[in-house]
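Asker: My structure is stored as upload-v3.cif, with mmCIF, C-alpha atoms.
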```cif
data_structure
#
loop_
_atom_site.label_atom_id
_atom_site.label_comp_id
_atom_site.auth_asym_id
_atom_site.auth_seq_id
_atom_site.Cartn_x
_atom_site.Cartn_y
_atom_site.Cartn_z
CA MET A 290 -8.39 -91.51 -22.24
CA LEU A 291 -6.94 -88.38 -20.70
CA TYR A 292 -4.87 -90.46 -18.32
CA VAL A 293 -3.56 -92.72 -21.07
CA THR A 294 -2.63 -89.79 -23.28
CA ASN A 295 -1.11 -87.95 -20.36
CA THR A 296 1.10 -90.95 -19.65
CA ILE A 297 2.16 -91.05 -23.28
CA LEU A 298 2.94 -87.34 -23.30
CA ARG A 299 4.85 -87.32 -20.04
CA PRO A 300 8.25 -88.03 -21.62
CA ALA A 301 6.96 -85.52 -24.21
CA SER A 302 10.21 -84.75 -25.93
CA PHE A 303 9.16 -86.88 -28.89
CA ARG A 304 9.21 -84.94 -32.11
CA LEU A 305 5.76 -85.07 -33.60
CA GLN A 306 5.31 -85.10 -37.36
CA GLN A 307 1.74 -84.03 -38.04
CA ARG A 308 -0.22 -85.51 -40.89
CA SER A 309 -0.21 -82.39 -43.08
CA PHE A 310 2.98 -80.86 -41.72
CA HIS A 311 6.32 -81.70 -43.25
CA ILE A 312 8.08 -80.08 -40.33
CA PHE A 313 8.76 -81.43 -36.88
CA THR A 314 7.62 -79.66 -33.75
CA SER A 315 8.79 -80.83 -30.35
CA LEU A 316 6.18 -80.95 -27.61
CA ARG A 317 8.76 -80.20 -24.97
CA LYS A 318 12.49 -79.71 -24.73
CA PRO A 319 14.26 -82.99 -24.00
CA ASN A 320 15.97 -83.62 -20.69
CA ASP A 321 18.37 -86.35 -19.61
CA VAL A 322 15.58 -88.71 -18.54
CA SER A 323 13.54 -88.31 -21.71
CA GLN A 324 16.63 -88.65 -23.88
CA SER A 325 17.45 -91.96 -22.24
CA VAL A 326 13.86 -93.09 -22.80
CA LEU A 327 14.05 -92.05 -26.44
CA ALA A 328 17.27 -93.96 -26.95
CA ASN A 329 15.51 -97.22 -26.08
CA LEU A 330 12.42 -96.65 -28.22
CA THR A 331 11.99 -98.54 -31.45
CA PHE A 332 10.64 -97.04 -34.64
CA GLU A 333 7.33 -98.75 -33.91
CA ASP A 334 7.22 -97.12 -30.47
CA HIS A 335 7.76 -93.69 -32.03
CA TYR A 336 5.09 -94.37 -34.62
CA ASN A 337 2.57 -95.50 -32.00
CA ILE A 338 3.19 -92.41 -29.88
CA ARG A 339 2.73 -90.10 -32.84
CA SER A 340 -0.43 -91.94 -33.87
CA ASN A 341 -1.88 -91.75 -30.36
CA ILE A 342 -1.27 -88.01 -30.17
CA GLU A 343 -2.77 -87.46 -33.61
CA SER A 344 -5.78 -89.60 -32.67
CA LEU A 345 -6.27 -87.53 -29.53
CA ILE A 346 -6.20 -84.28 -31.52
CA GLN A 347 -8.64 -85.58 -34.11
CA ASP A 348 -10.95 -87.05 -31.47
CA TYR A 349 -11.22 -83.88 -29.42
CA SER A 350 -11.53 -81.65 -32.47
CA ARG A 351 -14.68 -83.55 -33.46
CA ARG A 352 -16.30 -83.37 -30.04
CA ARG A 353 -19.29 -81.15 -29.53
CA VAL A 354 -19.25 -78.71 -26.66
CA PRO A 355 -22.12 -76.47 -25.60
CA ALA A 356 -22.04 -72.90 -26.87
CA LEU A 357 -20.71 -70.34 -24.42
CA THR A 358 -23.73 -68.68 -22.81
CA PHE A 359 -24.55 -66.33 -19.96
CA ALA A 360 -26.28 -69.26 -18.25
CA PHE A 361 -22.95 -71.12 -18.18
CA LEU A 362 -20.96 -68.09 -17.01
CA THR A 363 -23.38 -67.31 -14.17
CA GLN A 364 -24.07 -70.86 -12.98
CA HIS A 365 -21.59 -70.51 -10.08
CA ARG A 366 -22.90 -67.22 -8.74
CA GLN A 367 -23.41 -68.46 -5.19
CA ARG A 368 -20.67 -67.81 -2.61
CA PRO A 369 -18.69 -69.63 -1.40
CA LEU A 370 -18.34 -72.19 -4.18
CA PRO A 371 -18.59 -75.77 -2.84
CA SER A 372 -15.71 -78.10 -3.69
CA SER A 373 -18.03 -80.35 -5.71
CA GLU A 374 -19.10 -77.40 -7.89
CA LEU A 375 -15.49 -76.32 -8.27
CA TYR A 376 -14.55 -79.79 -9.48
CA THR A 377 -17.44 -79.77 -11.97
CA LEU A 378 -16.42 -76.33 -13.20
CA ASN A 379 -12.80 -77.44 -13.65
CA ILE A 380 -13.92 -80.45 -15.71
CA GLN A 381 -16.06 -78.19 -17.90
CA ILE A 382 -13.24 -75.68 -18.43
CA MET A 383 -10.76 -78.43 -19.28
CA ASN A 384 -13.14 -80.02 -21.78
CA TYR A 385 -13.76 -76.67 -23.46
CA LEU A 386 -10.05 -75.85 -23.69
CA LEU A 387 -9.01 -79.31 -24.88
CA THR A 388 -11.69 -79.31 -27.57
CA TYR A 389 -10.94 -75.81 -28.84
CA THR A 390 -7.17 -76.36 -28.74
CA CYS A 391 -7.50 -79.50 -30.83
CA ARG A 392 -9.82 -77.71 -33.25
CA GLN A 393 -7.19 -75.01 -33.70
CA LEU A 394 -4.50 -77.61 -34.35
CA THR A 395 -6.67 -79.53 -36.82
CA ALA A 396 -7.59 -76.36 -38.74
CA LEU A 397 -3.93 -75.39 -39.00
CA GLN A 398 -3.01 -78.88 -40.19
CA GLN A 399 -5.58 -78.60 -42.97
CA LEU A 400 -4.17 -75.39 -44.42
CA PRO A 401 -2.52 -75.67 -47.85
CA TYR A 402 1.15 -76.52 -48.15
CA ILE A 403 2.14 -72.88 -48.80
CA ALA A 404 0.69 -71.96 -45.40
CA ILE A 405 2.32 -74.88 -43.64
CA LEU A 406 5.75 -73.71 -44.77
CA ASN A 407 5.24 -70.20 -43.38
CA PRO A 408 7.31 -69.84 -40.16
CA LYS A 409 4.83 -67.45 -38.53
CA ILE A 410 1.90 -69.78 -39.06
CA GLU A 411 4.06 -72.66 -37.80
CA GLN A 412 4.79 -70.54 -34.72
CA THR A 413 1.05 -70.28 -34.06
CA TYR A 414 0.74 -74.04 -34.49
CA ALA A 415 3.60 -74.67 -32.07
CA LEU A 416 1.92 -72.46 -29.48
CA TYR A 417 -1.25 -74.55 -29.57
CA LEU A 418 0.83 -77.71 -29.25
CA LYS A 419 2.36 -76.15 -26.13
CA THR A 420 -1.14 -75.42 -24.83
CA LEU A 421 -2.23 -79.01 -25.46
CA THR A 422 0.81 -80.32 -23.60
CA ALA A 423 0.13 -78.04 -20.64
CA LEU A 424 -3.51 -79.13 -20.44
CA LEU A 425 -2.61 -82.82 -20.54
CA ASP A 426 0.20 -82.42 -18.04
CA ASN A 427 -2.31 -82.36 -15.18
CA LYS A 428 -2.71 -85.39 -12.97
CA PHE A 429 -6.28 -86.41 -13.56
CA PRO A 430 -8.45 -86.26 -11.57
CA TYR A 431 -6.45 -84.98 -8.58
CA ASP A 432 -5.34 -81.64 -10.03
CA LEU A 433 -8.93 -80.80 -10.87
CA TYR A 434 -9.59 -80.38 -7.15
CA ASP A 435 -6.75 -77.84 -6.86
CA ARG A 436 -7.99 -74.35 -7.74
CA GLN A 437 -4.51 -72.88 -7.41
CA LYS A 438 -3.04 -75.23 -10.03
CA MET A 439 -5.92 -74.54 -12.37
CA ARG A 440 -5.51 -70.81 -11.91
CA VAL A 441 -1.77 -70.98 -12.62
CA LEU A 442 -2.45 -73.10 -15.71
CA LEU A 443 -5.01 -70.65 -17.09
CA ARG A 444 -2.94 -67.58 -16.29
CA GLN A 445 -0.07 -69.16 -18.19
CA PHE A 446 -2.42 -69.84 -21.09
CA LEU A 447 -3.48 -66.18 -21.12
CA ASP A 448 0.13 -65.04 -21.01
CA ASP A 449 1.13 -67.39 -23.84
CA HIS A 450 -1.69 -66.20 -26.11
CA GLN A 451 -1.51 -62.54 -25.20
CA ASP A 452 0.27 -61.11 -28.24
CA THR A 453 -0.19 -63.80 -30.87
CA LEU A 454 -2.68 -62.13 -33.19
CA GLN A 455 -0.04 -60.02 -34.92
CA THR A 456 2.04 -63.13 -35.67
CA LEU A 457 -0.92 -64.89 -37.28
CA SER A 458 -1.85 -61.71 -39.19
CA ASP A 459 1.69 -61.39 -40.55
CA GLY A 460 1.71 -65.04 -41.61
CA MET A 461 -1.62 -64.71 -43.41
CA THR A 462 -0.40 -61.52 -45.07
CA GLU A 463 2.61 -63.31 -46.50
CA ILE A 464 0.53 -66.09 -48.08
CA MET A 465 -2.48 -63.98 -49.13
CA GLU A 466 -1.52 -63.83 -52.80
CA ALA A 467 -1.16 -67.61 -53.05
CA PHE A 468 -4.15 -68.49 -50.91
CA PRO A 469 -7.77 -67.65 -51.96
CA LYS A 470 -9.10 -64.82 -49.81
CA ASN A 471 -12.40 -66.58 -49.15
CA SER A 472 -10.48 -69.50 -47.67
CA VAL A 473 -8.44 -67.11 -45.52
CA PHE A 474 -11.60 -65.47 -44.20
CA LEU A 475 -13.27 -68.79 -43.42
CA PHE A 476 -10.19 -69.96 -41.55
CA LEU A 477 -9.83 -66.69 -39.63
CA ASN A 478 -13.52 -66.59 -38.70
CA GLU A 479 -13.36 -69.98 -37.04
CA HIS A 480 -9.85 -69.55 -35.61
CA LEU A 481 -10.58 -66.19 -33.97
CA LYS A 482 -13.98 -67.30 -32.68
CA ASN A 483 -12.33 -70.28 -30.97
CA ARG A 484 -9.51 -68.11 -29.66
CA ILE A 485 -11.91 -65.54 -28.20
CA THR A 486 -13.97 -68.28 -26.55
CA MET A 487 -10.88 -69.86 -24.97
CA LYS A 488 -9.61 -66.55 -23.62
CA LEU A 489 -13.01 -65.58 -22.26
CA LEU A 490 -13.27 -68.92 -20.46
CA ALA A 491 -9.79 -68.62 -18.96
CA THR A 492 -10.34 -65.01 -17.91
CA HIS A 493 -13.71 -65.88 -16.41
CA TYR A 494 -12.26 -68.73 -14.34
CA VAL A 495 -9.35 -66.66 -12.99
CA GLU A 496 -11.68 -63.81 -12.06
CA LEU A 497 -14.25 -66.16 -10.51
CA ILE A 498 -11.65 -67.82 -8.27
CA SER A 499 -10.22 -64.42 -7.28
CA GLN A 500 -13.69 -63.31 -6.24
CA GLN A 501 -14.05 -66.49 -4.19
CA GLU A 502 -10.89 -65.79 -2.21
CA ARG A 503 -11.69 -62.23 -1.17
CA ARG A 504 -12.72 -61.39 2.38
CA PRO A 505 -16.34 -62.25 3.28
CA GLN A 506 -17.66 -58.67 3.06
CA ALA A 507 -15.85 -57.98 -0.23
CA ARG A 508 -17.07 -61.34 -1.48
CA LEU A 509 -20.64 -60.41 -0.58
CA ASN A 510 -20.35 -57.13 -2.47
CA ASP A 511 -18.83 -58.95 -5.44
CA SER A 512 -21.61 -61.51 -5.49
CA GLN A 513 -24.12 -58.69 -5.83
CA ASN A 514 -22.24 -57.06 -8.72
CA LYS A 515 -20.02 -59.59 -10.49
CA VAL A 516 -19.94 -63.24 -11.44
CA GLY A 517 -16.56 -63.85 -13.02
CA ILE A 518 -16.35 -61.58 -16.05
CA VAL A 519 -20.09 -60.78 -15.98
CA GLN A 520 -21.01 -57.52 -14.24
CA ARG A 521 -24.43 -56.38 -13.15
CA ASP A 522 -25.83 -52.93 -14.00
CA VAL A 523 -22.90 -51.28 -15.76
CA PRO A 524 -23.61 -47.52 -16.14
CA LEU A 525 -23.19 -47.31 -19.90
CA ALA A 526 -22.69 -43.56 -20.42
CA PRO A 527 -19.82 -43.18 -17.87
CA PHE A 528 -18.31 -46.45 -19.16
CA ILE A 529 -18.34 -45.23 -22.78
CA THR A 530 -17.01 -41.84 -21.69
CA ARG A 531 -13.92 -43.45 -20.15
CA ILE A 532 -13.27 -45.34 -23.40
CA TYR A 533 -13.75 -42.14 -25.39
CA GLU A 534 -11.13 -40.38 -23.25
CA PHE A 535 -8.66 -43.20 -23.89
CA VAL A 536 -9.28 -43.19 -27.66
CA ASN A 537 -9.11 -39.40 -27.76
CA ASP A 538 -5.66 -39.57 -26.15
CA LEU A 539 -4.57 -42.04 -28.83
CA CYS A 540 -5.79 -39.66 -31.53
CA LEU A 541 -3.96 -36.76 -29.94
CA LEU A 542 -0.73 -38.76 -30.04
CA LYS A 543 -1.30 -39.89 -33.62
CA TYR A 544 -2.71 -36.75 -35.24
CA ASP A 545 -1.95 -33.85 -32.87
CA HIS A 546 -5.46 -32.48 -33.42
CA GLN A 547 -7.89 -30.44 -31.38
CA PRO A 548 -10.06 -32.64 -29.12
CA ILE A 549 -13.25 -34.09 -30.59
CA ASN A 550 -16.25 -33.91 -28.29
CA LEU A 551 -18.54 -36.82 -27.46
CA THR A 552 -22.17 -36.06 -26.69
CA PHE A 553 -24.97 -38.31 -25.47
CA THR A 554 -28.30 -37.61 -27.14
CA GLN A 555 -30.31 -40.25 -25.27
CA GLY A 556 -30.07 -42.90 -22.56
CA GLU A 557 -27.42 -41.40 -20.28
CA ASP A 558 -29.01 -43.04 -17.23
CA ILE A 559 -29.30 -46.58 -18.65
CA LYS A 560 -27.55 -49.41 -16.83
CA PHE A 561 -26.96 -52.79 -18.42
CA SER A 562 -25.62 -56.15 -17.23
CA CYS A 563 -22.92 -57.40 -19.58
CA ILE A 564 -19.30 -58.52 -19.99
CA PRO A 565 -17.36 -55.23 -19.67
CA ILE A 566 -14.22 -56.45 -21.45
CA ILE A 567 -16.30 -57.21 -24.56
CA LEU A 568 -18.12 -53.88 -24.47
CA GLU A 569 -14.80 -52.14 -23.96
CA TYR A 570 -13.35 -53.71 -27.09
CA LEU A 571 -16.44 -52.92 -29.15
CA MET A 572 -16.60 -49.26 -28.14
CA THR A 573 -12.83 -48.79 -28.48
CA GLU A 574 -12.93 -50.05 -32.06
CA ILE A 575 -16.06 -48.12 -33.06
CA LEU A 576 -14.95 -44.84 -31.46
CA LYS A 577 -11.47 -45.25 -32.93
CA ASN A 578 -12.93 -45.52 -36.42
CA SER A 579 -15.36 -42.66 -35.88
CA MET A 580 -12.76 -40.29 -34.46
CA ARG A 581 -10.23 -41.08 -37.16
CA ALA A 582 -12.81 -40.49 -39.90
CA THR A 583 -13.87 -37.22 -38.26
CA ILE A 584 -10.29 -35.96 -37.95
CA GLU A 585 -9.35 -36.88 -41.51
CA SER A 586 -12.54 -35.40 -42.95
CA SER A 587 -12.14 -32.11 -41.09
CA ALA A 588 -8.49 -31.87 -42.12
CA LYS A 589 -9.32 -32.59 -45.76
CA ASN A 590 -12.14 -30.04 -45.85
CA ASN A 591 -10.44 -27.55 -43.52
CA THR A 592 -13.49 -27.48 -41.23
CA HIS A 593 -14.03 -27.74 -37.49
CA PRO A 594 -14.68 -31.38 -36.49
CA LYS A 595 -18.26 -32.10 -35.42
CA ASP A 596 -19.11 -33.95 -32.22
CA ILE A 597 -19.51 -37.71 -32.19
CA GLU A 598 -23.00 -38.58 -30.93
CA VAL A 599 -23.93 -41.62 -28.84
CA SER A 600 -27.50 -42.71 -28.19
CA ILE A 601 -28.49 -45.60 -25.92
CA PHE A 602 -31.87 -47.35 -26.12
CA GLU A 603 -33.44 -50.20 -24.19
CA ALA A 604 -34.28 -52.72 -26.90
CA GLY A 605 -36.15 -55.33 -24.87
CA PRO A 606 -35.54 -57.65 -21.92
CA SER A 607 -31.79 -57.99 -21.34
CA LYS A 608 -31.08 -56.14 -24.56
CA VAL A 609 -29.73 -52.70 -25.35
CA LEU A 610 -29.00 -50.76 -28.56
CA ILE A 611 -26.10 -48.32 -28.80
CA ARG A 612 -25.86 -45.98 -31.78
CA VAL A 613 -22.60 -44.18 -32.54
CA ARG A 614 -22.95 -41.39 -35.13
CA ASP A 615 -20.10 -39.48 -36.73
CA TYR A 616 -19.87 -36.85 -39.46
CA GLY A 617 -16.63 -38.08 -40.94
CA GLY A 618 -17.63 -38.27 -44.58
CA GLY A 619 -19.10 -41.76 -44.59
CA ILE A 620 -17.97 -44.90 -46.38
CA PRO A 621 -18.08 -45.09 -50.20
CA GLU A 622 -20.82 -47.50 -51.29
CA ALA A 623 -18.38 -49.67 -53.24
CA LEU A 624 -16.31 -50.25 -50.09
CA GLU A 625 -19.10 -50.64 -47.55
CA ARG A 626 -19.49 -54.35 -48.27
CA LYS A 627 -15.80 -54.94 -47.42
CA ILE A 628 -15.78 -53.53 -43.92
CA PHE A 629 -16.26 -56.93 -42.27
CA ASP A 630 -13.51 -58.57 -44.35
CA TYR A 631 -10.30 -59.40 -42.51
CA SER A 632 -8.26 -57.91 -45.34
CA TYR A 633 -9.98 -54.55 -45.15
CA THR A 634 -8.92 -51.56 -43.08
CA SER A 635 -10.08 -47.97 -43.27
CA THR A 636 -6.64 -46.66 -42.31
CA THR A 637 -5.74 -43.71 -44.51
CA ASP A 638 -2.72 -41.59 -45.21
CA PRO A 639 -1.39 -40.42 -41.81
CA THR A 640 -0.06 -37.21 -43.35
CA LEU A 641 -3.68 -36.08 -43.84
CA THR A 642 -3.03 -34.41 -47.17
CA ASN A 643 -5.83 -33.35 -49.47
CA ASP A 644 -4.98 -36.17 -51.85
CA SER A 645 -7.62 -38.83 -52.30
CA THR A 646 -7.21 -41.61 -49.75
CA GLU A 647 -7.17 -45.27 -50.60
CA ASN A 648 -8.36 -48.15 -48.49
CA LYS A 649 -5.50 -50.51 -47.87
CA ASP A 650 -5.42 -54.28 -47.69
CA ILE A 651 -3.93 -56.22 -44.84
CA ASP A 652 -0.45 -56.22 -46.38
CA ASP A 653 -0.22 -52.44 -45.86
CA ILE A 654 -0.68 -52.65 -42.11
CA HIS A 655 2.12 -52.22 -39.60
CA CYS A 656 0.30 -51.98 -36.28
CA SER A 657 -2.37 -53.65 -34.16
CA VAL A 658 -5.85 -52.85 -32.99
CA ALA A 659 -6.71 -52.93 -29.30
CA GLU A 660 -5.07 -52.58 -25.91
CA ASP A 661 -4.46 -56.01 -24.40
CA GLN A 662 -5.31 -55.05 -20.84
CA MET A 663 -8.76 -54.05 -22.02
CA LEU A 664 -9.86 -57.30 -23.58
CA PRO A 665 -8.81 -60.85 -24.30
CA GLY A 666 -6.28 -60.90 -27.03
CA GLN A 667 -5.63 -57.57 -28.67
CA THR A 668 -3.09 -54.73 -28.45
CA VAL A 669 -3.32 -51.05 -29.38
CA HIS A 670 -0.12 -49.21 -30.15
CA ASN A 671 -1.69 -46.46 -32.24
CA ILE A 672 -4.91 -45.57 -33.97
CA ALA A 673 -4.56 -47.71 -37.10
CA GLY A 674 -5.50 -51.36 -37.36
CA MET A 675 -4.68 -54.71 -38.92
CA GLY A 676 -8.08 -54.89 -40.60
CA PHE A 677 -9.26 -57.24 -37.82
CA GLY A 678 -11.25 -54.66 -35.83
CA LEU A 679 -14.80 -54.81 -37.19
CA PRO A 680 -14.72 -58.55 -37.98
CA LEU A 681 -13.70 -59.17 -34.37
CA CYS A 682 -16.51 -56.89 -33.18
CA LYS A 683 -18.94 -59.03 -35.13
CA THR A 684 -17.42 -62.23 -33.70
CA TYR A 685 -17.70 -60.97 -30.11
CA LEU A 686 -21.33 -59.99 -30.64
CA ASP A 687 -22.25 -63.25 -32.40
CA LEU A 688 -21.04 -65.25 -29.39
CA PHE A 689 -23.88 -63.97 -27.22
CA GLY A 690 -26.60 -63.25 -29.77
CA GLY A 691 -25.78 -59.60 -30.44
CA LYS A 692 -25.26 -57.90 -33.78
CA ILE A 693 -23.68 -54.89 -35.44
CA ASP A 694 -25.20 -52.88 -38.30
CA ILE A 695 -23.64 -49.99 -40.18
CA GLN A 696 -25.45 -47.33 -42.20
CA SER A 697 -23.31 -44.83 -44.05
CA LEU A 698 -24.03 -41.84 -46.26
CA ALA A 699 -21.07 -41.02 -48.49
CA GLY A 700 -20.01 -37.42 -48.07
CA ARG A 701 -21.76 -37.02 -44.71
CA GLY A 702 -21.15 -39.67 -42.03
CA THR A 703 -21.77 -43.10 -40.56
CA ASP A 704 -24.12 -44.62 -37.99
CA VAL A 705 -23.02 -47.79 -36.19
CA TYR A 706 -25.71 -49.76 -34.35
CA ILE A 707 -24.57 -52.22 -31.70
CA THR A 708 -27.21 -54.56 -30.26
CA LEU A 709 -26.03 -56.15 -27.02
CA THR A 710 -27.67 -59.04 -25.19
CA GLY A 711 -27.01 -59.66 -21.53
CA PRO A 712 -27.90 -62.09 -18.75
CA THR A 713 -31.36 -62.06 -17.23
CA GLU A 714 -31.96 -60.85 -13.68
CA LYS A 715 -32.63 -64.44 -12.63
CA MET A 716 -29.19 -65.50 -13.88
CA LEU A 717 -27.54 -62.90 -11.64
CA ASP A 718 -29.72 -63.43 -8.57
CA CYS A 719 -27.58 -65.06 -5.87
CA ASN A 720 -30.66 -66.19 -3.99
CA THR A 721 -31.94 -68.41 -6.77
CA GLU A 722 -30.67 -71.83 -7.70
CA PRO A 723 -28.60 -71.99 -10.93
#
```
Once more with this new file: its structure as structure tokens, please.
Answerer:
Amino acid sequence: MLYVTNTILRPASFRLQQRSFHIFTSLRKPNDVSQSVLANLTFEDHYNIRSNIESLIQDYSRRRVPALTFAFLTQHRQRPLPSSELYTLNIQIMNYLLTYTCRQLTALQQLPYIAILNPKIEQTYALYLKTLTALLDNKFPYDLYDRQKMRVLLRQFLDDHQDTLQTLSDGMTEIMEAFPKNSVFLFLNEHLKNRITMKLLATHYVELISQQERRPQARLNDSQNKVGIVQRDVPLAPFITRIYEFVNDLCLLKYDHQPINLTFTQGEDIKFSCIPIILEYLMTEILKNSMRATIESSAKNNTHPKDIEVSIFEAGPSKVLIRVRDYGGGIPEALERKIFDYSYTSTTDPTLTNDSTENKDIDDIHCSVAEDQMLPGQTVHNIAGMGFGLPLCKTYLDLFGGKIDIQSLAGRGTDVYITLTGPTEKMLDCNTEP
């Protein structure tokens, strides 16, 4: 089926009218050859092509793919990777990406008419059409044996989807009043979960192939410490300290305040195998919120800011609990239930006056939430957020069986509990069969 569809898409300048979309989106810019082909096509030919593409999207969107697990990510831990295993891995990656891309397209098609007309949401839709075209533009099965072509394809995918979250956020903001919030949240939950999974898969593949191509000694060292994006025995306290220093610099730029100290009350020597880019996003978002609350509270009360405290506990086999405690005044009880809503952000008045602060909805936001080089898919330009931060934290943790809990005492502070799950020692052992 891939070959048939690929053949259909190859002249791919046909303008595709999707079932729910009353706009046309070209799969690729026409050239002289495709224009001459188009000139000789009948209406029935156009209709059949559109129907075949739509059938492909619907078919793949309904396919079941295994959940992303540490077992999958570490299955190719042995070095060097045999060509047969590489071919199998390429097939798996392509099936994942095709399925998730078609799910994204189908979900966008099913949005109400008011959303379909929004140019920013249409821009997101067009990007996934571009991704689908790129995936199907491979010569099956021959290109699946070529690691360089696959790597170029996935790097291009990562580049294309690097800064797209703000566009989608802006589009959803513009339709929020005409679109029930519950429906927006359901759509965003699924859309962002799929997007995160796709970017993790692409990043993992690129990193895995790069590790394969290093010199034998470097490859041996890598095999003992890393499998793609999974890293063995990350020293958590130094790792969190580096993130704290980055966030503290952001706060200095934003608020021009005296530095806030970070202290470890327990578990400074704990090491944990995990996906560092996920942990980096989680800790960046949590520390950003804690430091902002601490700064604003101390400015409002004209007091010296208290230290942020981090405690690390071993919570069982391949499991760790990280508690981040701040004394930033806590979250009002009436607002605590909103913190995992995509429309909610705790951003407050940047002038830090003594006036009462108000929590703002997504339409008050003008900036994004995480630095792109640190994780798949976010950007941080200053300390405020789009209201996507904590919901994305929850999504990242849900992917691998983790969780996030928040306990807050209004007028005093907040405790955030992050439970992380990681791969077992057997999964990372290069001397055992996958």
Asker: Give me the residues within 8 Å of segment 416-418 of chain A as an mmCIF file with C-alpha atoms, keeping the file's coordinate frame, counting all atoms listed in the file and dropping any in the same chain fewer than 4 places off.
Answerer:
```cif
data_model
loop_
_atom_site.group_PDB
_atom_site.id
_atom_site.type_symbol
_atom_site.label_atom_id
_atom_site.label_comp_id
_atom_site.auth_asym_id
_atom_site.auth_seq_id
_atom_site.Cartn_x
_atom_site.Cartn_y
_atom_site.Cartn_z
ATOM 1 C CA LEU A 316 6.180 -80.950 -27.610
ATOM 2 C CA THR A 390 -7.170 -76.360 -28.740
ATOM 3 C CA GLN A 393 -7.190 -75.010 -33.700
ATOM 4 C CA LEU A 394 -4.500 -77.610 -34.350
ATOM 5 C CA GLN A 412 4.790 -70.540 -34.720
ATOM 6 C CA THR A 422 0.810 -80.320 -23.600
ATOM 7 C CA ASP A 449 1.130 -67.390 -23.840
ATOM 8 C CA HIS A 450 -1.690 -66.200 -26.110
#
```
Asker: Could you expand the PyMOL selection byres ((chain A and resi 568-571) around 8) into the explicit residues it covers here, written as a ChimeraX atom specification?
Answerer: /A:529,532,563-567,572-575,659,663-664,682
Asker: Work out how far atom CA of Ala604 of chain A is from atom CA of Asp718 of chain A, in Å to one decimal.
Answerer: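 Atom CA of Ala604 of chain A lies at a distance of 21.7 Å from atom CA of Asp718 of chain A.
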Asker: Given the choices A:Leu387, A:Ala467, A:Leu397, A:Ser373, which gets closest to Asp435 of chain A if the distance is worked out from only C-alpha atoms?
Answerer: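 Residue with the minimum atom-to-atom distance to Asp435 of chain A: A:Ser373.
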Asker: Could you check which residues have any atom within 10 Å of (-11.5, -63.4, -8.4), counting all atoms listed in the file with coordinates taken straight from the file, and then list them as a ChimeraX atom specification?
Answerer: /A:492-503,508,511,515-518
Asker: Looking at A:Leu447, A:Phe629, A:Asn427, A:Asn407, which one is nearest to Ile464 of chain A, with distances taken over all atoms listed in the file?
Answerer: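 Comparing A:Leu447, A:Phe629, A:Asn427, A:Asn407 against Ile464 of chain A, the winner is A:Asn407.
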Asker: To verify the selection step, state as a list in words which residues the PyMOL selection byres ((chain A and resi 534-541) around 8) yields on this input.
Answerer: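 Matching residues under the PyMOL selection byres ((chain A and resi 534-541) around 8) are Thr530, Arg531, Ile532, Tyr533, Leu542, Lys543, Tyr544, Asp545, His546, Gln547, Pro548, Ile549, Thr573, Leu576, Lys577, Met580, Arg581, Asn671 and Ile672 of chain A.
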Asker: Can you turn the PyMOL selection byres ((chain A and resi 344-346) around 9) into a concrete residue list for this file, as a PDB file with C-alpha atoms, keeping the file's coordinate frame?
Answerer:
```
ATOM      1  CA  MET A 290      -8.390 -91.510 -22.240  1.00  0.00           C
ATOM      2  CA  LEU A 291      -6.940 -88.380 -20.700  1.00  0.00           C
ATOM      3  CA  THR A 294      -2.630 -89.790 -23.280  1.00  0.00           C
ATOM      4  CA  ARG A 339       2.730 -90.100 -32.840  1.00  0.00           C
ATOM      5  CA  SER A 340      -0.430 -91.940 -33.870  1.00  0.00           C
ATOM      6  CA  ASN A 341      -1.880 -91.750 -30.360  1.00  0.00           C
ATOM      7  CA  ILE A 342      -1.270 -88.010 -30.170  1.00  0.00           C
ATOM      8  CA  GLU A 343      -2.770 -87.460 -33.610  1.00  0.00           C
ATOM      9  CA  GLN A 347      -8.640 -85.580 -34.110  1.00  0.00           C
ATOM     10  CA  ASP A 348     -10.950 -87.050 -31.470  1.00  0.00           C
ATOM     11  CA  TYR A 349     -11.220 -83.880 -29.420  1.00  0.00           C
ATOM     12  CA  SER A 350     -11.530 -81.650 -32.470  1.00  0.00           C
ATOM     13  CA  ARG A 351     -14.680 -83.550 -33.460  1.00  0.00           C
ATOM     14  CA  LEU A 387      -9.010 -79.310 -24.880  1.00  0.00           C
ATOM     15  CA  THR A 388     -11.690 -79.310 -27.570  1.00  0.00           C
ATOM     16  CA  THR A 390      -7.170 -76.360 -28.740  1.00  0.00           C
ATOM     17  CA  CYS A 391      -7.500 -79.500 -30.830  1.00  0.00           C
ATOM     18  CA  ARG A 392      -9.820 -77.710 -33.250  1.00  0.00           C
ATOM     19  CA  LEU A 394      -4.500 -77.610 -34.350  1.00  0.00           C
ATOM     20  CA  THR A 395      -6.670 -79.530 -36.820  1.00  0.00           C
ATOM     21  CA  LEU A 421      -2.230 -79.010 -25.460  1.00  0.00           C
TER      22      LEU A 421
END
```
Asker: Just how far from atom CA of Pro401 of chain A is atom CA of Ser458 of chain A, in Å to one decimal?
Answerer: 16.4 Å
